[in-house]
There are 2 protein chains.
Amino acid sequence: MNYDLDSAVKKIPNFPKEGILFYDITGILMKPEAFDHVINKMVELYKDKNLTSIACVESRGFIFGAPLAKELGLPIVLVRKAGKLPGDIYKRSYKLEYGEAVIEVQKSDINSGDKVLLVDDLLATGGTLQAATHMFHEAGAQVTDIFAVIGLPFLNFKEKFKGIKVTTLIDYHDEEI
Amino acid sequence: MNYDLDSAVKKIPNFPKEGILFYDITGILMKPEAFDHVINKMVELYKDKNLTSIACVESRGFIFGAPLAKELGLPIVLVRKAGKLPGDIYKRSYKLEYGEAVIEVQKSDINSGDKVLLVDDLLATGGTLQAATHMFHEAGAQVTDIFAVIGLPFLNFKEKFKGIKVTTLIDYHDEEI
């Protein structure tokens with residue numbers, strides 16, 4: 001099952017701001033064979049891991065996490081930005097380059113003892129997924145695996161996830177344009 | 001293929017503000033058999049329609065549109081809020097109760113002659129999907145179908161989509177709590 005995923009990833013200079021090279025997954029979404037490749041790889045990776053739920057990080061994580069959850073017959077947990085989820089919620093704030101962000105999960109979506117896979121499209125500094133991991137741990141669940149289609153290892157996300165199996169399908173090493 | 005979808009929809013009073021009854025699809029996401037039911041219904045509805053792409057509206061539309069696109073082997077087009085998409089974009093503003101919102105699509109994701117299905121989780125006033133429809137039409141594509149899991153027909157979305165086949169799986173008629 002080889003597929004040239006790199007050819008489907010668009011590289012956009014100076015987005016969202018000057019000097020940043022943006023890796024755009026919409027090229028994967030527009031090529032059904034590329035999207036199929038990604039989801040099939042995910043199924044292969046996670047079908048025998050005894051996971052109890054797939055946690056999808058807003059909003060591009062939804063695109064990859066939902067089809068996987070359907071294939072595996074597992075519940076979908078939404079990890080959302082502040083103010084989007086109704087009912088009783090867990091929340092966790094984390095630092096951004098400038099300021100702070102908050103993520104939330106509904107309390108009814110996490111059970112003690114859960115074994116959770118976190119899904120996002122791209123792993124850069126890993127700040128959001130680290131906050132999500134802490135949130136699940138506080139609720140008595142375990143994040144056993146993290147998946148992102150693209151990884152930017154020069155931003156050192158790996159050191160944030162000791163003891164968790166982190167998988168990316170393609171890594172880029174360009175720090176700047 | 002009968003399934004009591006209503007039992008999976010959580011009804012949350014006073015969210016996102018006082019006096020509003022919020023229909024929460026996370027209950028569907030947490031029940032694999034409910035999510036399966038929705039996606040299978042969508043496949044049945046759209047497999048023989050000769051669609052060329054599935055346009056998913058940020059962000060809950062991604063959850064239902066992406067698995068459908070995988071099943072049908074069709075490209076996924078992201079309809080996003082302002083500032084999220086890189087590259088050349090179409091944009092369209094539309095009125096909210098207070099103020100204005102903007103949606104965007106990458107130009108490379110729409111081809112003249114496309115037959116597009118728009119997917120979202122819930123149809124209320126239909127303002128966002130109407131703006132998306134206009135945006136696709138301006139680009140020479142045709143929105144032939146609109147799908148949402150939940151419809152709130154008392155907010156009169158149907159009158160905005162003359163000539164387009166609009167399908168919802170479950171309708172609610174409660175205007176207030």
# chains A, B, ... in the order shown; residues from 1 in each chain; ligands from 1
>>> residues_around(residues="Phe154 (chain A)", least_positions_apart="5", cutoff="10 Å", atoms="only C-alpha atoms", output="list in words")
Ala124, Thr125, Asp171, Tyr172, His173, Asp174 and Glu175 of chain A
>>> interface_residues(of="chain A", to="chain B", cutoff="10 Å", atoms="only C-alpha atoms", output="PyMOL selection string")
chain A and resi 10-16+22-24+26-36+39+53-54+56+58-78+80+83-87+106+108-109
>>> residues_around(residues="Glu104 (chain B)", least_positions_apart="2", cutoff="6 Å", atoms="only C-alpha atoms", output="list in words")
Val79, Arg80, Tyr90 and Lys91 of chain B
>>> write_last_selection(atoms="C-alpha atoms", output="compact mmCIF listing (two decimals), in the first residue's frame")
# COMPACT_ATOMS: atom_id res chain seq x y z
CA VAL B 79 -16.42 25.33 3.25
CA ARG B 80 -14.66 27.26 6.00
CA TYR B 90 -13.88 32.47 -3.20
CA LYS B 91 -15.55 34.25 -0.32
>>> closest_residue(among="A:Ala82, A:Ile170, A:Ile25, A:Leu118", to="Val102 (chain A)", atoms="only C-alpha atoms")
A:Ala82
>>> atom_distance(atom1="CA of Leu129 (chain A)", atom2="CA of Lys95 (chain A)")
12.0 Å
>>> select_by_dssp(residues="region 20-144 of chain B", states="helix (DSSP H, G or I)", output="ChimeraX atom specification")
/B:26-29,32-46,60-72,107-109,127-138
>>> residues_around(residues="Asn156 (chain B)", least_positions_apart="4", cutoff="10 Å", atoms="only C-alpha atoms", output="list in words")
Leu123, Ala124, Thr125, Gly126, Gly151, Leu152 and Lys160 of chain B
>>> residues_around(residues="region 134-146 of chain A", least_positions_apart="6", cutoff="9 Å", atoms="only C-alpha atoms", output="number ranges by chain")
A: 46, 51, 90-92, 103-105, 107, 110-120, 161, 163-168
>>> write_last_selection(atoms="N, CA, C and O atoms", output="compact mmCIF listing (two decimals), in the first residue's frame")
# COMPACT_ATOMS: atom_id res chain seq x y z
N TYR A 46 -4.77 1.00 13.92
CA TYR A 46 -5.54 1.05 15.17
C TYR A 46 -6.60 -0.03 15.36
O TYR A 46 -7.24 -0.10 16.39
N LEU A 51 -8.86 0.13 21.45
CA LEU A 51 -9.27 1.49 21.81
C LEU A 51 -10.75 1.50 22.19
O LEU A 51 -11.52 0.66 21.74
N TYR A 90 -15.40 19.29 30.61
CA TYR A 90 -14.05 19.48 31.08
C TYR A 90 -13.43 20.58 30.21
O TYR A 90 -13.68 20.63 29.01
N LYS A 91 -12.61 21.44 30.82
CA LYS A 91 -11.90 22.41 29.99
C LYS A 91 -10.46 22.52 30.43
O LYS A 91 -10.10 22.23 31.58
N ARG A 92 -9.63 22.93 29.51
CA ARG A 92 -8.19 23.05 29.79
C ARG A 92 -7.63 24.18 28.94
O ARG A 92 -7.86 24.24 27.74
N ILE A 103 -9.48 24.40 25.30
CA ILE A 103 -10.21 23.31 24.64
C ILE A 103 -11.16 22.67 25.64
O ILE A 103 -10.92 22.71 26.86
N GLU A 104 -12.20 22.05 25.10
CA GLU A 104 -13.25 21.47 25.95
C GLU A 104 -13.71 20.11 25.42
O GLU A 104 -13.67 19.87 24.22
N VAL A 105 -14.16 19.27 26.34
CA VAL A 105 -14.79 17.98 26.01
C VAL A 105 -15.99 17.79 26.93
O VAL A 105 -15.94 18.17 28.10
N LYS A 107 -18.29 16.06 29.51
CA LYS A 107 -18.00 15.07 30.55
C LYS A 107 -18.59 13.70 30.22
O LYS A 107 -17.99 12.66 30.51
N ILE A 110 -16.29 11.06 28.29
CA ILE A 110 -15.10 10.40 28.84
C ILE A 110 -15.49 9.53 30.01
O ILE A 110 -16.14 10.00 30.95
N ASN A 111 -15.09 8.25 29.97
CA ASN A 111 -15.30 7.36 31.09
C ASN A 111 -13.97 6.94 31.66
O ASN A 111 -12.98 6.78 30.93
N SER A 112 -13.97 6.75 32.97
CA SER A 112 -12.76 6.26 33.63
C SER A 112 -12.36 4.92 33.00
O SER A 112 -13.20 4.05 32.77
N GLY A 113 -11.06 4.79 32.69
CA GLY A 113 -10.57 3.56 32.08
C GLY A 113 -10.56 3.55 30.57
O GLY A 113 -10.04 2.61 29.96
N ASP A 114 -11.12 4.59 29.95
CA ASP A 114 -11.11 4.66 28.48
C ASP A 114 -9.68 4.64 27.94
O ASP A 114 -8.76 5.20 28.55
N LYS A 115 -9.53 4.01 26.80
CA LYS A 115 -8.26 4.04 26.05
C LYS A 115 -8.52 4.79 24.75
O LYS A 115 -9.20 4.30 23.84
N VAL A 116 -7.95 6.00 24.68
CA VAL A 116 -8.35 6.96 23.66
C VAL A 116 -7.24 7.19 22.63
O VAL A 116 -6.07 7.31 22.98
N LEU A 117 -7.64 7.29 21.37
CA LEU A 117 -6.77 7.78 20.30
C LEU A 117 -7.13 9.22 20.00
O LEU A 117 -8.30 9.54 19.77
N LEU A 118 -6.13 10.11 20.03
CA LEU A 118 -6.33 11.52 19.64
C LEU A 118 -5.95 11.69 18.17
O LEU A 118 -4.86 11.30 17.78
N VAL A 119 -6.84 12.32 17.40
CA VAL A 119 -6.59 12.51 15.96
C VAL A 119 -6.59 13.99 15.60
O VAL A 119 -7.50 14.73 15.97
N ASP A 120 -5.56 14.41 14.89
CA ASP A 120 -5.54 15.75 14.30
C ASP A 120 -4.92 15.65 12.91
O ASP A 120 -4.40 14.61 12.53
N PHE A 161 5.01 14.03 24.62
CA PHE A 161 4.12 12.86 24.70
C PHE A 161 4.86 11.60 25.12
O PHE A 161 4.77 10.57 24.46
N GLY A 163 5.56 8.19 26.68
CA GLY A 163 4.69 7.07 27.03
C GLY A 163 3.47 6.93 26.14
O GLY A 163 2.64 6.03 26.35
N ILE A 164 3.34 7.81 25.16
CA ILE A 164 2.22 7.72 24.23
C ILE A 164 2.79 7.41 22.84
O ILE A 164 3.81 7.97 22.44
N LYS A 165 2.14 6.50 22.13
CA LYS A 165 2.60 6.16 20.78
C LYS A 165 2.09 7.21 19.80
O LYS A 165 0.88 7.35 19.58
N VAL A 166 3.04 7.98 19.23
CA VAL A 166 2.69 9.06 18.29
C VAL A 166 3.03 8.62 16.86
O VAL A 166 4.16 8.21 16.60
N THR A 167 2.05 8.69 15.98
CA THR A 167 2.27 8.29 14.59
C THR A 167 1.89 9.42 13.64
O THR A 167 0.82 10.02 13.77
N THR A 168 2.80 9.73 12.70
CA THR A 168 2.50 10.65 11.61
C THR A 168 2.80 9.91 10.30
O THR A 168 3.70 9.08 10.26
>>> atom_distance(atom1="CA of Gly19 (chain B)", atom2="CA of Val38 (chain B)")
28.7 Å
>>> closest_residue(among="A:Tyr98, A:Lys41, A:Lys162, A:Gly127", to="Tyr3 (chain A)", atoms="only C-alpha atoms")
A:Lys41
>>> select_by_dssp(residues="region 28-114 of chain B", states="strand (DSSP E)", output="MDAnalysis selection string")
chainID B and resid 53:57 76:81 89:95 100:106
>>> atom_distance(atom1="CA of Leu122 (chain A)", atom2="CA of Leu96 (chain A)")
16.0 Å
>>> decode(residues="region 4-38 of chain B", atoms="N, CA, C and O atoms", output="PDB file, in the first residue's frame")
ATOM      1  N   ASP B   4     -33.938   4.583  15.863  1.00  0.00           N
ATOM      2  CA  ASP B   4     -34.552   5.687  16.603  1.00  0.00           C
ATOM      3  C   ASP B   4     -33.521   6.788  16.833  1.00  0.00           C
ATOM      4  O   ASP B   4     -32.927   6.888  17.900  1.00  0.00           O
ATOM      5  N   LEU B   5     -33.327   7.594  15.787  1.00  0.00           N
ATOM      6  CA  LEU B   5     -32.298   8.635  15.824  1.00  0.00           C
ATOM      7  C   LEU B   5     -32.603   9.674  16.911  1.00  0.00           C
ATOM      8  O   LEU B   5     -31.693  10.198  17.558  1.00  0.00           O
ATOM      9  N   ASP B   6     -33.886   9.940  17.101  1.00  0.00           N
ATOM     10  CA  ASP B   6     -34.292  10.939  18.102  1.00  0.00           C
ATOM     11  C   ASP B   6     -33.707  10.625  19.482  1.00  0.00           C
ATOM     12  O   ASP B   6     -33.289  11.528  20.206  1.00  0.00           O
ATOM     13  N   SER B   7     -33.655   9.348  19.818  1.00  0.00           N
ATOM     14  CA  SER B   7     -33.167   8.972  21.160  1.00  0.00           C
ATOM     15  C   SER B   7     -31.684   9.298  21.317  1.00  0.00           C
ATOM     16  O   SER B   7     -31.180   9.396  22.440  1.00  0.00           O
ATOM     17  N   ALA B   8     -30.970   9.463  20.205  1.00  0.00           N
ATOM     18  CA  ALA B   8     -29.534   9.774  20.278  1.00  0.00           C
ATOM     19  C   ALA B   8     -29.253  11.277  20.256  1.00  0.00           C
ATOM     20  O   ALA B   8     -28.127  11.695  20.500  1.00  0.00           O
ATOM     21  N   VAL B   9     -30.272  12.088  19.969  1.00  0.00           N
ATOM     22  CA  VAL B   9     -30.074  13.544  19.916  1.00  0.00           C
ATOM     23  C   VAL B   9     -30.357  14.134  21.299  1.00  0.00           C
ATOM     24  O   VAL B   9     -31.456  14.007  21.820  1.00  0.00           O
ATOM     25  N   LYS B  10     -29.339  14.778  21.866  1.00  0.00           N
ATOM     26  CA  LYS B  10     -29.527  15.389  23.186  1.00  0.00           C
ATOM     27  C   LYS B  10     -30.158  16.771  23.024  1.00  0.00           C
ATOM     28  O   LYS B  10     -29.777  17.523  22.131  1.00  0.00           O
ATOM     29  N   LYS B  11     -31.140  17.072  23.871  1.00  0.00           N
ATOM     30  CA  LYS B  11     -31.800  18.373  23.804  1.00  0.00           C
ATOM     31  C   LYS B  11     -31.352  19.198  25.015  1.00  0.00           C
ATOM     32  O   LYS B  11     -31.634  18.843  26.149  1.00  0.00           O
ATOM     33  N   ILE B  12     -30.638  20.287  24.737  1.00  0.00           N
ATOM     34  CA  ILE B  12     -30.025  21.069  25.799  1.00  0.00           C
ATOM     35  C   ILE B  12     -30.699  22.436  25.877  1.00  0.00           C
ATOM     36  O   ILE B  12     -30.537  23.267  24.975  1.00  0.00           O
ATOM     37  N   PRO B  13     -31.450  22.698  26.957  1.00  0.00           N
ATOM     38  CA  PRO B  13     -32.097  24.014  27.069  1.00  0.00           C
ATOM     39  C   PRO B  13     -31.094  25.133  27.336  1.00  0.00           C
ATOM     40  O   PRO B  13     -30.046  24.908  27.940  1.00  0.00           O
ATOM     41  N   ASN B  14     -31.439  26.323  26.851  1.00  0.00           N
ATOM     42  CA  ASN B  14     -30.655  27.545  27.131  1.00  0.00           C
ATOM     43  C   ASN B  14     -29.204  27.481  26.654  1.00  0.00           C
ATOM     44  O   ASN B  14     -28.300  27.968  27.322  1.00  0.00           O
ATOM     45  N   PHE B  15     -28.985  26.906  25.471  1.00  0.00           N
ATOM     46  CA  PHE B  15     -27.644  26.917  24.865  1.00  0.00           C
ATOM     47  C   PHE B  15     -27.805  27.231  23.391  1.00  0.00           C
ATOM     48  O   PHE B  15     -28.688  26.693  22.754  1.00  0.00           O
ATOM     49  N   PRO B  16     -26.974  28.047  22.774  1.00  0.00           N
ATOM     50  CA  PRO B  16     -25.878  28.799  23.402  1.00  0.00           C
ATOM     51  C   PRO B  16     -26.336  30.015  24.186  1.00  0.00           C
ATOM     52  O   PRO B  16     -25.513  30.659  24.817  1.00  0.00           O
ATOM     53  N   LYS B  17     -27.670  30.315  24.172  1.00  0.00           N
ATOM     54  CA  LYS B  17     -28.127  31.392  25.052  1.00  0.00           C
ATOM     55  C   LYS B  17     -29.526  31.117  25.574  1.00  0.00           C
ATOM     56  O   LYS B  17     -30.239  30.241  25.070  1.00  0.00           O
ATOM     57  N   GLU B  18     -29.899  31.846  26.580  1.00  0.00           N
ATOM     58  CA  GLU B  18     -31.187  31.749  27.256  1.00  0.00           C
ATOM     59  C   GLU B  18     -32.356  31.646  26.256  1.00  0.00           C
ATOM     60  O   GLU B  18     -32.458  32.442  25.318  1.00  0.00           O
ATOM     61  N   GLY B  19     -33.215  30.673  26.468  1.00  0.00           N
ATOM     62  CA  GLY B  19     -34.426  30.576  25.655  1.00  0.00           C
ATOM     63  C   GLY B  19     -34.286  29.724  24.403  1.00  0.00           C
ATOM     64  O   GLY B  19     -35.265  29.433  23.729  1.00  0.00           O
ATOM     65  N   ILE B  20     -33.057  29.318  24.068  1.00  0.00           N
ATOM     66  CA  ILE B  20     -32.827  28.481  22.886  1.00  0.00           C
ATOM     67  C   ILE B  20     -32.703  27.016  23.306  1.00  0.00           C
ATOM     68  O   ILE B  20     -32.009  26.697  24.269  1.00  0.00           O
ATOM     69  N   LEU B  21     -33.404  26.145  22.581  1.00  0.00           N
ATOM     70  CA  LEU B  21     -33.249  24.705  22.794  1.00  0.00           C
ATOM     71  C   LEU B  21     -32.257  24.187  21.763  1.00  0.00           C
ATOM     72  O   LEU B  21     -32.489  24.274  20.560  1.00  0.00           O
ATOM     73  N   PHE B  22     -31.130  23.667  22.244  1.00  0.00           N
ATOM     74  CA  PHE B  22     -30.034  23.238  21.362  1.00  0.00           C
ATOM     75  C   PHE B  22     -30.136  21.740  21.102  1.00  0.00           C
ATOM     76  O   PHE B  22     -30.231  20.949  22.037  1.00  0.00           O
ATOM     77  N   TYR B  23     -30.114  21.349  19.820  1.00  0.00           N
ATOM     78  CA  TYR B  23     -30.142  19.934  19.448  1.00  0.00           C
ATOM     79  C   TYR B  23     -28.707  19.478  19.225  1.00  0.00           C
ATOM     80  O   TYR B  23     -28.048  19.915  18.291  1.00  0.00           O
ATOM     81  N   ASP B  24     -28.245  18.607  20.102  1.00  0.00           N
ATOM     82  CA  ASP B  24     -26.827  18.265  20.193  1.00  0.00           C
ATOM     83  C   ASP B  24     -26.571  16.909  19.534  1.00  0.00           C
ATOM     84  O   ASP B  24     -27.038  15.877  20.020  1.00  0.00           O
ATOM     85  N   ILE B  25     -25.785  16.942  18.429  1.00  0.00           N
ATOM     86  CA  ILE B  25     -25.522  15.706  17.682  1.00  0.00           C
ATOM     87  C   ILE B  25     -24.420  14.849  18.309  1.00  0.00           C
ATOM     88  O   ILE B  25     -24.136  13.762  17.804  1.00  0.00           O
ATOM     89  N   THR B  26     -23.799  15.305  19.393  1.00  0.00           N
ATOM     90  CA  THR B  26     -22.721  14.482  19.976  1.00  0.00           C
ATOM     91  C   THR B  26     -23.246  13.147  20.492  1.00  0.00           C
ATOM     92  O   THR B  26     -22.498  12.168  20.556  1.00  0.00           O
ATOM     93  N   GLY B  27     -24.537  13.108  20.828  1.00  0.00           N
ATOM     94  CA  GLY B  27     -25.144  11.832  21.236  1.00  0.00           C
ATOM     95  C   GLY B  27     -25.115  10.813  20.100  1.00  0.00           C
ATOM     96  O   GLY B  27     -24.961   9.605  20.336  1.00  0.00           O
ATOM     97  N   ILE B  28     -25.274  11.274  18.870  1.00  0.00           N
ATOM     98  CA  ILE B  28     -25.168  10.393  17.694  1.00  0.00           C
ATOM     99  C   ILE B  28     -23.728   9.917  17.528  1.00  0.00           C
ATOM    100  O   ILE B  28     -23.477   8.742  17.241  1.00  0.00           O
ATOM    101  N   LEU B  29     -22.780  10.826  17.744  1.00  0.00           N
ATOM    102  CA  LEU B  29     -21.368  10.489  17.540  1.00  0.00           C
ATOM    103  C   LEU B  29     -20.867   9.454  18.539  1.00  0.00           C
ATOM    104  O   LEU B  29     -19.977   8.655  18.230  1.00  0.00           O
ATOM    105  N   MET B  30     -21.443   9.496  19.747  1.00  0.00           N
ATOM    106  CA  MET B  30     -20.992   8.570  20.792  1.00  0.00           C
ATOM    107  C   MET B  30     -21.630   7.182  20.660  1.00  0.00           C
ATOM    108  O   MET B  30     -21.238   6.258  21.356  1.00  0.00           O
ATOM    109  N   LYS B  31     -22.619   7.044  19.786  1.00  0.00           N
ATOM    110  CA  LYS B  31     -23.252   5.728  19.569  1.00  0.00           C
ATOM    111  C   LYS B  31     -22.895   5.244  18.170  1.00  0.00           C
ATOM    112  O   LYS B  31     -23.507   5.671  17.178  1.00  0.00           O
ATOM    113  N   PRO B  32     -21.927   4.330  18.043  1.00  0.00           N
ATOM    114  CA  PRO B  32     -21.502   3.888  16.709  1.00  0.00           C
ATOM    115  C   PRO B  32     -22.656   3.429  15.821  1.00  0.00           C
ATOM    116  O   PRO B  32     -22.646   3.671  14.620  1.00  0.00           O
ATOM    117  N   GLU B  33     -23.671   2.791  16.407  1.00  0.00           N
ATOM    118  CA  GLU B  33     -24.776   2.309  15.567  1.00  0.00           C
ATOM    119  C   GLU B  33     -25.616   3.471  15.036  1.00  0.00           C
ATOM    120  O   GLU B  33     -26.162   3.404  13.936  1.00  0.00           O
ATOM    121  N   ALA B  34     -25.685   4.573  15.794  1.00  0.00           N
ATOM    122  CA  ALA B  34     -26.421   5.756  15.324  1.00  0.00           C
ATOM    123  C   ALA B  34     -25.640   6.456  14.208  1.00  0.00           C
ATOM    124  O   ALA B  34     -26.207   6.855  13.180  1.00  0.00           O
ATOM    125  N   PHE B  35     -24.338   6.599  14.401  1.00  0.00           N
ATOM    126  CA  PHE B  35     -23.495   7.243  13.387  1.00  0.00           C
ATOM    127  C   PHE B  35     -23.496   6.418  12.096  1.00  0.00           C
ATOM    128  O   PHE B  35     -23.638   6.955  10.990  1.00  0.00           O
ATOM    129  N   ASP B  36     -23.374   5.104  12.254  1.00  0.00           N
ATOM    130  CA  ASP B  36     -23.458   4.187  11.117  1.00  0.00           C
ATOM    131  C   ASP B  36     -24.773   4.348  10.364  1.00  0.00           C
ATOM    132  O   ASP B  36     -24.797   4.378   9.130  1.00  0.00           O
ATOM    133  N   HIS B  37     -25.835   4.449  11.116  1.00  0.00           N
ATOM    134  CA  HIS B  37     -27.161   4.621  10.506  1.00  0.00           C
ATOM    135  C   HIS B  37     -27.187   5.876   9.639  1.00  0.00           C
ATOM    136  O   HIS B  37     -27.675   5.849   8.500  1.00  0.00           O
ATOM    137  N   VAL B  38     -26.656   6.974  10.166  1.00  0.00           N
ATOM    138  CA  VAL B  38     -26.675   8.247   9.430  1.00  0.00           C
ATOM    139  C   VAL B  38     -25.848   8.144   8.150  1.00  0.00           C
ATOM    140  O   VAL B  38     -26.314   8.502   7.059  1.00  0.00           O
TER     141      VAL B  38
END
